[in-house]
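Note sheet for the following structure.
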Protein chains: 2
Amino acid sequence: MPAFDTLHQFREILNDLPGPHADAVAAAQDRNGQLTKPPGALGRLEDLAIWFAGWQGTGRPKLDAPQIIVFAGNHGVTASGVSAFPAEVTEQMVFNFQAGGAAINQLAKAFGASLDVHALDLDKPTANFTESPAMSEDELVRALITGWDAVNPAADVLVVGEMGIGNTTSAAAICAAVFGGTADAWVGRGTGVDDAGLQRKSDAVAAGLQRHGAAISDPLGALQCLGGREIAAMAGAIVRARVERVPVLLDGFICTSAAAVLHKVNAAALDHVTAGHLSAEGAHRAALTALGKDPLLSLGLRLGEGSGGAAALGVLKAAVACHSGMATFAEAGVSDA
Amino acid sequence: MPAFDTLHQFREILNDLPGPHADAVAAAQDRNGQLTKPPGALGRLEDLAIWFAGWQGTGRPKLDAPQIIVFAGNHGVTASGVSAFPAEVTEQMVFNFQAGGAAINQLAKAFGASLDVHALDLDKPTANFTESPAMSEDELVRALITGWDAVNPAADVLVVGEMGIGNTTSAAAICAAVFGGTADAWVGRGTGVDDAGLQRKSDAVAAGLQRHGAAISDPLGALQCLGGREIAAMAGAIVRARVERVPVLLDGFICTSAAAVLHKVNAAALDHVTAGHLSAEGAHRAALTALGKDPLLSLGLRLGEGSGGAAALGVLKAAVACHSGMATFAEAGVSDA
């Protein structure tokens, strides 16, 4: 039996989430102050290690088993000419993930992460949201459950990513619904559309916002009407991670749109989440700012697949290694300031 | 017999450096364009992999054997009250490096790097540069040779770092000499001096600049008069790496001051160098800007030891893994745009 089988139950879970282990946070802060370095000299790595310690529930955490999950979905809105790539690339890239040839495979290997790929009904794209809701409520719930079930509760940290031709358009529509603002402000070039394509994206988002009216004032309604299955699955996975107290590194704009839905329902829903990177997709910075998240990396990535979140595993690994491995002043016989 | 045994010979080497392998750069660019991702979607990771490929001399490079070297030196200028920590901490931290307890030990382990530590005449601090040249020419040459000899020519990439109580003062003086500007503009809080300590640093730098006059208009003269042995050793190591075509990741402000000396002698001397991170030490951004280097990370580190350069190994590892491991469109059967 899944943890939920209605949207109402999912919403209840989302409104009643556990916090970090306060004793582990205190223990990690105490340890951090004793390590052989000037106070604060490891900068953000110190904050990151303490945050991580709180969710892992120990003052001296480990990072041995990261999990990366890539969800893939197809989008009816591609019929509106919003992408530079044909829709069949979604499935081709799933095969590439399975064969080990994509960027995310290399990043998983480089940082010792497991990688799971879930393709969600690729033969049944969501409806074109300019014409009707992208998903039925039942389809949304099934996508959320796919995400929920995909999480390994024993993982040290979770990175969620996506593949879905057309999904920057869906993410832009969700951000506009959740954060407000015009369609123009939220659309970007995605995999590389030209000016005419960008205009079609903006028109599609504006049409979607107009068509769904009051239904998308509820964030989960916005996810249903405008989202893709892979976006809903990321949302389900992020909530499951929270329930299991597994911290999460966000990937880029599309992943952030899934997180934004959760944040809009419960402003504390992303306390276990750190932004892995700032994407080159134009509106990502605005979305992260609205969520109060400062990205760990800013390297101009705009690939998706979880690639930016996975690249940030290197930073988290550095933080945890220093925090848990360094000697204290007393252990090393080094004079404190 | 060392590669050089006079400052004149070192200067000649520095003025006649090899470039990257142009054919490897071309091969890497070609490969990058065929990988299963939209063009440019890996952002700066793409540029980084191509740069790295050029120095390694292959279109499909590997990153298996990074080398980190930490040089330690003691500074007579500590007598001017410029540090929050006592001078004996330099040697205590060398013991900590040797025992495996410092931040850099954990970072080396996390990224599979070898770590070498070279303590340079710790029982014989440099002279207080407010009173006389920090080193004799012979002492400078010996420090350069220590750095030169420390590099493993078979390393895939080199990170150089330092330990030396008082050395942000030395680095600030070198930057002021090399780049111009006031003492105030280049000094920062280092390991954490208070306002009075910051004023003493600024006064010491101003006094050094005044005392050494024309001698420091030559960059290697500035290194001799104002530098520390560990700063000179980093400079020697960076040049050796270039001669061996081993790319280098810079650490923070002090490491950058060593690089600045080389750049001032030969503006092409740092083509094999990427800035690993932006330090929280105030003037680091100005120094990197003057060198035309954009840091890979910006996480508020200000520890030294090579820690920021080592943390950036994670980014480089990600770049090389993607570039050399990904499938091409043809291999994966994915439709190109």
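Every chain in the structure tokens has a letter given in the order shown (A, B, ...), and although residue numbers restart at 1 in each chain, ligands are simply numbered from 1 in the order shown.
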
Could you give me, as CSV, a per-residue list for chain B showing, wherever an atom lies at most 8 Å from an atom of chain A, the closest pair of atoms and their distance in Å to one decimal, using only C-alpha atoms and sorting by chain then residue number from low to high?
```
residue,atom,partner,partner_atom,distance
B:Thr36,CA,A:Ala102,CA,6.4
B:Lys37,CA,A:Leu303,CA,6.9
B:Pro38,CA,A:Thr191,CA,5.6
B:Pro39,CA,A:Gly192,CA,7.9
B:Gly40,CA,A:Leu301,CA,8.0
B:Ala41,CA,A:Arg302,CA,4.9
B:Leu42,CA,A:Leu301,CA,4.6
B:Gly43,CA,A:Gly300,CA,4.4
B:Arg44,CA,A:Leu299,CA,5.2
B:Leu45,CA,A:Leu299,CA,7.1
B:Ala84,CA,A:Ala337,CA,6.1
B:Phe85,CA,A:Ala337,CA,5.1
B:Pro86,CA,A:Ala337,CA,7.6
B:Val89,CA,A:Ser335,CA,6.2
B:Gln92,CA,A:Val334,CA,5.4
B:Met93,CA,A:Val334,CA,6.7
B:Phe95,CA,A:Ala332,CA,7.9
B:Asn96,CA,A:Ala332,CA,5.9
B:Gly100,CA,A:Met326,CA,7.9
B:Gly101,CA,A:Ala327,CA,4.5
B:Ala102,CA,A:Met326,CA,5.3
B:Ala103,CA,A:Cys322,CA,5.2
B:Ile104,CA,A:Cys322,CA,8.0
B:Asn105,CA,A:Met326,CA,8.0
B:Gln106,CA,A:Cys322,CA,5.4
B:Leu107,CA,A:Ala318,CA,5.9
B:Ala110,CA,A:Ala318,CA,6.6
B:Thr191,CA,A:Pro38,CA,5.6
B:Gly192,CA,A:Pro38,CA,7.2
B:Ala280,CA,A:Gly43,CA,7.9
B:Leu296,CA,A:Leu299,CA,7.3
B:Leu297,CA,A:Leu297,CA,6.6
B:Ser298,CA,A:Leu297,CA,7.7
B:Leu299,CA,A:Arg44,CA,5.2
B:Gly300,CA,A:Gly43,CA,4.4
B:Leu301,CA,A:Gly43,CA,4.6
B:Arg302,CA,A:Ala41,CA,4.9
B:Leu303,CA,A:Ala41,CA,4.9
B:Ala311,CA,A:Ala318,CA,6.2
B:Gly314,CA,A:Gly314,CA,4.8
B:Val315,CA,A:Ala311,CA,6.8
B:Lys317,CA,A:Ala110,CA,7.0
B:Ala318,CA,A:Leu107,CA,5.9
B:Ala321,CA,A:Gln106,CA,5.5
B:Cys322,CA,A:Ala103,CA,5.2
B:Gly325,CA,A:Gln106,CA,6.1
B:Met326,CA,A:Gly101,CA,4.8
B:Ala327,CA,A:Gly101,CA,4.5
B:Thr328,CA,A:Gly101,CA,8.0
B:Ala332,CA,A:Asn96,CA,5.9
B:Gly333,CA,A:Gln92,CA,7.0
B:Val334,CA,A:Gln92,CA,5.4
B:Ser335,CA,A:Val89,CA,6.2
B:Asp336,CA,A:Phe85,CA,7.4
B:Ala337,CA,A:Phe85,CA,5.0
```

Residue set, segment 95-316 of chain B restricted to alpha helix (DSSP H), as a ChimeraX atom specification: /B:95-99,103-110,137-150,167-179,183-186,195-212,219-226,229-243,253-265,284-291,307-311,313-316

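With atom CA of Ala154 of chain A on one side and atom CA of Ala268 of chain A on the other, the separation reads 22.7 Å.
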
Secondary structure check, strand (DSSP E or B) residues of segment 216-337 of chain A, as a list in words: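 Answer for segment 216-337 of chain A, restricted to strand (DSSP E or B): Val248, Leu249, Leu250, Val273, Thr274, Ala275, His277, Leu297 and Thr328 of chain A.
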
So the first atom is atom CA of Gln224 of chain A and the second is atom CA of Glu139 of chain A; what is the distance between them in Å, to one decimal place? 8.3 Å

So that I can see what lies close to Pro61 of chain A, please list as a list in words the residues with an atom at most 10 Å from it, counting only C-alpha atoms and leaving out residues fewer than 3 positions away in the same chain. Ala24, Ala28, Ala49, Ile50, Phe52, Ala53, Gly54, Trp55, Gln56, Gly57, Thr58, Asp64, Asp156, Val320, Ala321, His323, Ser324 and Gly325 of chain A

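Near Trp186 of chain B, within 9 Å and counting only C-alpha atoms, sit Thr169, Ala171, Ala172, Ala173, Cys175, Ala176, Gly181, Ser202, Val205, Gly282, Ala283, His284, Ala286 and Ala287 of chain B; same-chain residues fewer than 5 positions away were not included.
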
Can you tell me which residues surround segment 235-240 of chain A at a distance of at most 8 Å, considering only C-alpha atoms, apart from same-chain residues fewer than 2 positions away, and format the answer as a list of chain:residue names?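 Contacts, in chain order: A:Leu14, A:Ala143, A:Leu144, A:Ile145, A:Thr146, A:Gly147, A:Trp148, A:Asp149, A:Ala150, A:Val151, A:Val160, A:Ile231, A:Ala232, A:Ala233, A:Arg242, A:Val243, A:Glu244, A:Val248, A:Ala258, A:Ala259, A:Val261, A:Leu262, A:Ala269.
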
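Compared by their closest atoms to Arg189 of chain A, and using only C-alpha atoms, the residues A:Ser170, A:Asn152, A:Val82, A:Glu12 rank with A:Val82 nearest.
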
Distance criterion (only C-alpha atoms): nearest to Ala79 of chain B out of B:Gly213, B:Pro133, B:Gly166, B:Pro66: B:Gly166

Within 8 Å of Ala222 of chain A, counting only C-alpha atoms, which residues show up once you throw out same-chain ones fewer than 4 positions away? Write them as a PyMOL selection string, please. chain A and resi 174+177-178+215-218+226-227+261

With N, CA and C atoms kept, could you save the residues just selected as a PDB file, in the first residue's frame?
```pdb
ATOM      1  N   ILE A 174       4.387  26.741 -14.535  1.00  0.00           N
ATOM      2  CA  ILE A 174       4.217  26.472 -13.098  1.00  0.00           C
ATOM      3  C   ILE A 174       4.763  27.636 -12.274  1.00  0.00           C
ATOM      4  N   ALA A 177       2.453  30.524 -12.365  1.00  0.00           N
ATOM      5  CA  ALA A 177       1.259  30.278 -11.549  1.00  0.00           C
ATOM      6  C   ALA A 177       1.585  30.410 -10.058  1.00  0.00           C
ATOM      7  N   VAL A 178       2.730  29.889  -9.655  1.00  0.00           N
ATOM      8  CA  VAL A 178       3.080  29.838  -8.227  1.00  0.00           C
ATOM      9  C   VAL A 178       3.620  31.174  -7.729  1.00  0.00           C
ATOM     10  N   ALA A 215      -8.194  27.259 -11.201  1.00  0.00           N
ATOM     11  CA  ALA A 215      -7.670  25.925 -10.864  1.00  0.00           C
ATOM     12  C   ALA A 215      -6.196  25.974 -10.488  1.00  0.00           C
ATOM     13  N   ILE A 216      -5.455  26.932 -11.068  1.00  0.00           N
ATOM     14  CA  ILE A 216      -4.011  26.962 -10.820  1.00  0.00           C
ATOM     15  C   ILE A 216      -3.633  27.920  -9.704  1.00  0.00           C
ATOM     16  N   SER A 217      -4.630  28.493  -9.015  1.00  0.00           N
ATOM     17  CA  SER A 217      -4.284  29.291  -7.833  1.00  0.00           C
ATOM     18  C   SER A 217      -3.897  28.359  -6.694  1.00  0.00           C
ATOM     19  N   ASP A 218      -4.332  27.127  -6.743  1.00  0.00           N
ATOM     20  CA  ASP A 218      -3.832  26.093  -5.826  1.00  0.00           C
ATOM     21  C   ASP A 218      -2.553  25.513  -6.438  1.00  0.00           C
ATOM     22  N   LEU A 226      -0.558  22.208 -15.460  1.00  0.00           N
ATOM     23  CA  LEU A 226       0.550  22.733 -16.270  1.00  0.00           C
ATOM     24  C   LEU A 226       1.774  21.815 -16.274  1.00  0.00           C
ATOM     25  N   GLY A 227       1.811  20.904 -15.340  1.00  0.00           N
ATOM     26  CA  GLY A 227       3.033  20.126 -15.105  1.00  0.00           C
ATOM     27  C   GLY A 227       3.193  18.987 -16.065  1.00  0.00           C
ATOM     28  N   VAL A 261       6.308  24.352  -6.122  1.00  0.00           N
ATOM     29  CA  VAL A 261       4.941  23.913  -5.813  1.00  0.00           C
ATOM     30  C   VAL A 261       4.842  23.520  -4.335  1.00  0.00           C
TER      31      VAL A 261
END
```

I'd like the interatomic distance between atom CA of Ala204 of chain A and atom CA of Phe179 of chain A, to a tenth of an Å.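 Atom CA of Phe179 of chain A lies at a distance of 17.6 Å from atom CA of Ala204 of chain A.
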